[in-house]
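*Asks:* One file is attached below, structure06.tsv, containing TSV, C-alpha atoms.
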```tsv
chain	number	residue	atom	x	y	z
G	1	MET	CA	26.51	-7.91	-0.90
G	2	SER	CA	25.04	-10.79	1.11
G	3	ALA	CA	21.42	-11.83	0.51
G	4	PRO	CA	20.14	-10.51	3.88
G	5	THR	CA	21.90	-7.18	3.34
G	6	ARG	CA	20.51	-6.94	-0.19
G	7	TRP	CA	16.93	-7.52	1.05
G	8	ILE	CA	17.35	-5.02	3.87
G	9	THR	CA	18.52	-2.47	1.30
G	10	ILE	CA	15.61	-3.29	-1.01
G	11	GLY	CA	13.17	-3.08	1.92
G	12	ALA	CA	14.56	0.32	2.90
G	13	LEU	CA	14.22	1.58	-0.67
G	14	LEU	CA	10.65	0.30	-0.86
G	15	ALA	CA	9.89	1.94	2.49
G	16	LEU	CA	11.19	5.22	1.13
G	17	ALA	CA	8.94	4.83	-1.87
G	18	ALA	CA	5.97	4.14	0.39
G	19	CYS	CA	6.73	7.15	2.53
G	20	GLY	CA	7.42	9.65	-0.22
G	21	GLY	CA	11.09	9.09	-0.92
G	22	GLY	CA	10.60	8.24	-4.58
G	23	GLU	CA	9.79	5.03	-6.32
G	24	ALA	CA	12.12	2.07	-6.02
G	25	PRO	CA	12.15	-0.61	-8.71
G	26	ALA	CA	10.91	-4.03	-7.70
G	27	PRO	CA	13.49	-6.82	-7.81
G	28	ALA	CA	13.46	-8.75	-11.06
G	29	ALA	CA	11.55	-11.99	-11.14
G	30	SER	CA	13.14	-15.28	-12.01
G	31	GLU	CA	11.75	-17.49	-14.76
G	32	GLY	CA	9.33	-19.18	-12.32
G	33	GLY	CA	7.73	-15.89	-11.32
G	34	ALA	CA	9.24	-15.71	-7.83
G	35	ALA	CA	11.69	-12.95	-7.05
G	36	PRO	CA	15.22	-14.18	-6.28
G	37	GLY	CA	15.68	-14.83	-2.56
G	38	SER	CA	11.99	-14.31	-1.80
G	39	ASP	CA	8.88	-16.42	-1.56
G	40	LEU	CA	6.97	-13.54	-3.17
G	41	THR	CA	6.37	-13.26	-6.88
G	42	ALA	CA	7.43	-10.17	-8.79
G	43	PHE	CA	3.74	-9.20	-8.94
G	44	GLN	CA	3.43	-9.47	-5.16
G	45	LEU	CA	6.54	-7.40	-4.62
G	46	GLU	CA	5.19	-4.65	-6.85
G	47	HIS	CA	1.46	-4.87	-6.08
G	48	GLY	CA	1.27	-6.44	-2.63
G	49	ILE	CA	-0.13	-9.65	-1.20
G	50	GLY	CA	-3.85	-10.11	-1.02
G	51	PRO	CA	-7.06	-10.63	-2.93
G	52	VAL	CA	-6.04	-8.29	-5.76
G	53	THR	CA	-3.97	-10.52	-8.02
G	54	GLU	CA	-3.94	-8.50	-11.24
G	55	PRO	CA	-2.94	-4.91	-11.96
G	56	VAL	CA	-5.77	-2.42	-11.50
G	57	THR	CA	-6.35	0.04	-14.32
G	58	LEU	CA	-7.96	3.30	-13.27
G	59	GLY	CA	-9.90	5.70	-15.46
G	60	PRO	CA	-10.91	9.26	-14.62
G	61	ILE	CA	-11.73	9.89	-10.97
G	62	ASP	CA	-15.27	8.87	-10.11
G	63	ARG	CA	-16.47	11.68	-7.81
G	64	GLY	CA	-19.40	9.68	-6.42
G	65	MET	CA	-17.14	6.77	-5.54
G	66	ALA	CA	-14.61	9.19	-4.03
G	67	ALA	CA	-17.32	10.76	-1.83
G	68	ALA	CA	-18.31	7.31	-0.58
G	69	GLY	CA	-14.63	6.55	-0.01
G	70	GLN	CA	-14.18	9.73	2.01
G	71	ALA	CA	-17.02	8.65	4.30
G	72	VAL	CA	-15.41	5.22	4.77
G	73	PHE	CA	-11.98	6.81	5.30
G	74	GLU	CA	-13.30	9.18	7.96
G	75	VAL	CA	-14.87	6.30	9.92
G	76	LYS	CA	-12.27	3.57	9.43
G	77	CYS	CA	-8.93	5.22	8.60
G	78	SER	CA	-8.68	8.78	9.92
G	79	ALA	CA	-7.91	7.73	13.49
G	80	CYS	CA	-4.48	6.63	12.28
G	81	HIS	CA	-3.91	8.39	8.95
G	82	LYS	CA	-3.79	12.03	7.90
G	83	MET	CA	-3.18	13.26	4.39
G	84	ALA	CA	-0.22	15.59	4.86
G	85	GLU	CA	1.40	14.46	8.07
G	86	ARG	CA	2.75	11.42	9.82
G	87	TYR	CA	0.38	10.29	12.53
G	88	VAL	CA	-0.06	6.79	13.96
G	89	GLY	CA	0.53	5.61	10.39
G	90	PRO	CA	2.04	7.27	7.32
G	91	ALA	CA	0.57	10.30	5.57
G	92	LEU	CA	-1.58	9.11	2.66
G	93	GLY	CA	-2.10	12.25	0.58
G	94	GLU	CA	0.41	11.20	-2.07
G	95	ILE	CA	0.21	7.42	-1.70
G	96	THR	CA	-1.47	7.01	-5.09
G	97	THR	CA	1.58	8.56	-6.76
G	98	GLN	CA	3.92	6.21	-4.86
G	99	GLN	CA	2.24	2.81	-4.96
G	100	SER	CA	0.16	0.93	-7.51
G	101	PRO	CA	-3.61	0.80	-7.07
G	102	ALA	CA	-3.38	-2.97	-6.51
G	103	PHE	CA	-0.77	-2.46	-3.77
G	104	ILE	CA	-2.97	0.07	-1.97
G	105	LEU	CA	-6.00	-2.22	-2.20
G	106	ASN	CA	-4.01	-5.20	-0.92
G	107	MET	CA	-2.66	-3.14	2.00
G	108	ILE	CA	-6.20	-2.10	2.93
G	109	LEU	CA	-7.68	-5.57	2.51
G	110	ASN	CA	-4.81	-7.72	3.81
G	111	PRO	CA	-2.70	-5.65	6.22
G	112	GLN	CA	-1.70	-8.56	8.47
G	113	GLU	CA	-0.03	-10.59	5.74
G	114	MET	CA	1.41	-7.46	4.15
G	115	VAL	CA	3.17	-6.58	7.41
G	116	GLU	CA	4.30	-10.13	8.03
G	117	ARG	CA	5.59	-10.99	4.53
G	118	HIS	CA	5.99	-7.93	2.29
G	119	PRO	CA	9.19	-5.86	2.55
G	120	VAL	CA	7.27	-2.55	2.44
G	121	GLY	CA	4.87	-3.74	5.13
G	122	LYS	CA	7.76	-4.91	7.29
G	123	ALA	CA	9.52	-1.56	6.86
G	124	LEU	CA	6.35	0.34	7.76
G	125	LEU	CA	5.98	-1.75	10.91
G	126	ALA	CA	9.60	-1.07	11.83
G	127	GLU	CA	9.14	2.66	11.28
G	128	TYR	CA	5.72	3.17	12.89
G	129	MET	CA	5.93	0.37	15.49
G	130	THR	CA	2.24	-0.46	15.13
G	131	PHE	CA	0.25	-2.94	13.08
G	132	MET	CA	-2.34	-1.63	10.67
G	133	PRO	CA	-5.55	-3.31	11.85
G	134	ASN	CA	-7.80	-5.04	9.39
G	135	GLN	CA	-10.85	-2.78	9.25
G	136	GLY	CA	-12.95	-5.44	7.56
G	137	LEU	CA	-13.61	-3.39	4.44
G	138	THR	CA	-15.18	-5.07	1.45
G	139	GLN	CA	-13.38	-4.88	-1.89
G	140	ASP	CA	-15.94	-2.27	-2.99
G	141	GLU	CA	-15.28	-0.13	0.10
G	142	ALA	CA	-11.52	-0.45	-0.36
G	143	ARG	CA	-11.93	0.65	-3.98
G	144	GLN	CA	-13.96	3.67	-2.79
G	145	VAL	CA	-11.20	4.60	-0.34
G	146	LEU	CA	-8.66	4.28	-3.16
G	147	GLU	CA	-10.76	6.62	-5.28
G	148	TYR	CA	-10.89	9.13	-2.41
G	149	LEU	CA	-7.11	8.89	-1.98
G	150	ARG	CA	-6.72	9.66	-5.69
G	151	THR	CA	-8.48	13.01	-5.10
G	152	GLN	CA	-5.94	13.90	-2.43
G	153	ALA	CA	-2.80	13.60	-4.56
G	154	LYS	CA	-1.31	16.82	-5.88
G	155	ALA	CA	0.00	15.03	-8.96
G	156	PRO	CA	-2.38	12.92	-11.09
```
The structure in this file should be written as structure tokens.
*Replies:*
Amino acid sequence: MSAPTRWITIGALLALAACGGGEAPAPAASEGGAAPGSDLTAFQLEHGIGPVTEPVTLGPIDRGMAAAGQAVFEVKCSACHKMAERYVGPALGEITTQQSPAFILNMILNPQEMVERHPVGKALLAEYMTFMPNQGLTQDEARQVLEYLRTQAKAP
């Protein structure tokens, strides 16, 4: 398989994972940390590109933070995202079971670069034909939205 075909296949698998088709493994990293044939590191492929540069460990759901996140979501996100249905953007009800917390935070905080450089972001743009705008959320607000999204997933 040629390198472009391999990356298209990997991008399609990652898009399926982002849209509920199951979780695709990230390509293995080389010794230097970059994935073969990519300028992204293995961490970036798995957790996205942005200000979150380490895995995020989550504890039990913080209901207060989730309530604040719901308020932010309703103002900043609900015009394009629904929980159980495709809308302008993908349904987000199960996103926390499909992507890592760091990936979700990086997509919220750095959507432009995610769409331009990350295979999942590129696949989402190809499928939905619209850029996710940067809503200017702080890291704390993005974390609140993540906590709200955690309450929406059927599976823990």
*Asks:* Which residue, G:Ala42, G:Cys80, G:Gln99, G:Ala68, has the smallest gap to G:Phe131 when you use all atoms listed in the file?
*Replies:*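 The shortest atom-to-atom distance to G:Phe131 comes from G:Cys80.
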*Asks:* Atom CA of G:Tyr128 to atom CA of G:Ile49: how many Å, to one decimal?
*Replies:*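 Separation between atom CA of G:Tyr128 and atom CA of G:Ile49: 19.9 Å.
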*Asks:* Any idea what the distance is between atom CA of G:Ala84 and atom CA of G:Leu149?
*Replies:*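 Rounded to one decimal, the two atoms are 11.8 Å apart.
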*Asks:* Which polymer residues, protein or nucleic acid, are no farther than 10 Å from (-5.4, -8.6, 3.6), counting all atoms listed in the file, as a list in words?
*Replies:* Gly48, Ile49, Gly50, Pro51, Val52, Leu105, Asn106, Met107, Ile108, Leu109, Asn110, Pro111, Gln112, Glu113, Met114, Val115, Pro133, Asn134, Gln135, Gly136 and Leu137 of chain G
*Asks:* Stretch 58-64 of chain G: which residues within 12 Å, counting only C-alpha atoms, same-chain residues fewer than 6 positions away excluded, as a PDB file with C-alpha atoms, in the coordinates of the input?
*Replies:*
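What landed in selection-v3.pdb:
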```pdb
ATOM      1  CA  GLN G  70     -14.180   9.730   2.010  1.00  0.00           C
ATOM      2  CA  ALA G  71     -17.020   8.650   4.300  1.00  0.00           C
ATOM      3  CA  THR G  96      -1.470   7.010  -5.090  1.00  0.00           C
ATOM      4  CA  SER G 100       0.160   0.930  -7.510  1.00  0.00           C
ATOM      5  CA  PRO G 101      -3.610   0.800  -7.070  1.00  0.00           C
ATOM      6  CA  ALA G 102      -3.380  -2.970  -6.510  1.00  0.00           C
ATOM      7  CA  ARG G 143     -11.930   0.650  -3.980  1.00  0.00           C
ATOM      8  CA  GLN G 144     -13.960   3.670  -2.790  1.00  0.00           C
ATOM      9  CA  VAL G 145     -11.200   4.600  -0.340  1.00  0.00           C
ATOM     10  CA  LEU G 146      -8.660   4.280  -3.160  1.00  0.00           C
ATOM     11  CA  GLU G 147     -10.760   6.620  -5.280  1.00  0.00           C
ATOM     12  CA  TYR G 148     -10.890   9.130  -2.410  1.00  0.00           C
ATOM     13  CA  LEU G 149      -7.110   8.890  -1.980  1.00  0.00           C
ATOM     14  CA  ARG G 150      -6.720   9.660  -5.690  1.00  0.00           C
ATOM     15  CA  THR G 151      -8.480  13.010  -5.100  1.00  0.00           C
ATOM     16  CA  GLN G 152      -5.940  13.900  -2.430  1.00  0.00           C
ATOM     17  CA  ALA G 153      -2.800  13.600  -4.560  1.00  0.00           C
ATOM     18  CA  PRO G 156      -2.380  12.920 -11.090  1.00  0.00           C
TER      19      PRO G 156
END
```
*Asks:* Hey, can you check how far atom CA of G:Ala126 sits from atom CA of G:Thr41?
*Replies:* 22.6 Å
*Asks:* Hey, could you pull the box centre and edge lengths for stretch 139-152 of chain G, axis-aligned, 6 Å padding per side, all listed atoms, to one decimal in Å, as lines of an AutoDock Vina configuration file?
*Replies:*
```
center_x = -10.9
center_y = 4.5
center_z = -2.8
size_x = 22.0
size_y = 30.8
size_z = 17.8
```
*Asks:* Have a look at G:Lys154, G:Lys82, G:Ala142, G:Thr53 and name the one nearest to G:Met65; count all atoms listed in the file.
*Replies:*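 So, comparing all the options, the nearest one is G:Ala142.
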*Asks:* Using all atoms listed in the file, can you tell me which of G:Thr97, G:Cys77, G:Val120, G:Phe103 comes closest to G:Phe43?
*Replies:*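 When distances to G:Phe43 are compared using all atoms listed in the file, the smallest one comes from G:Phe103.
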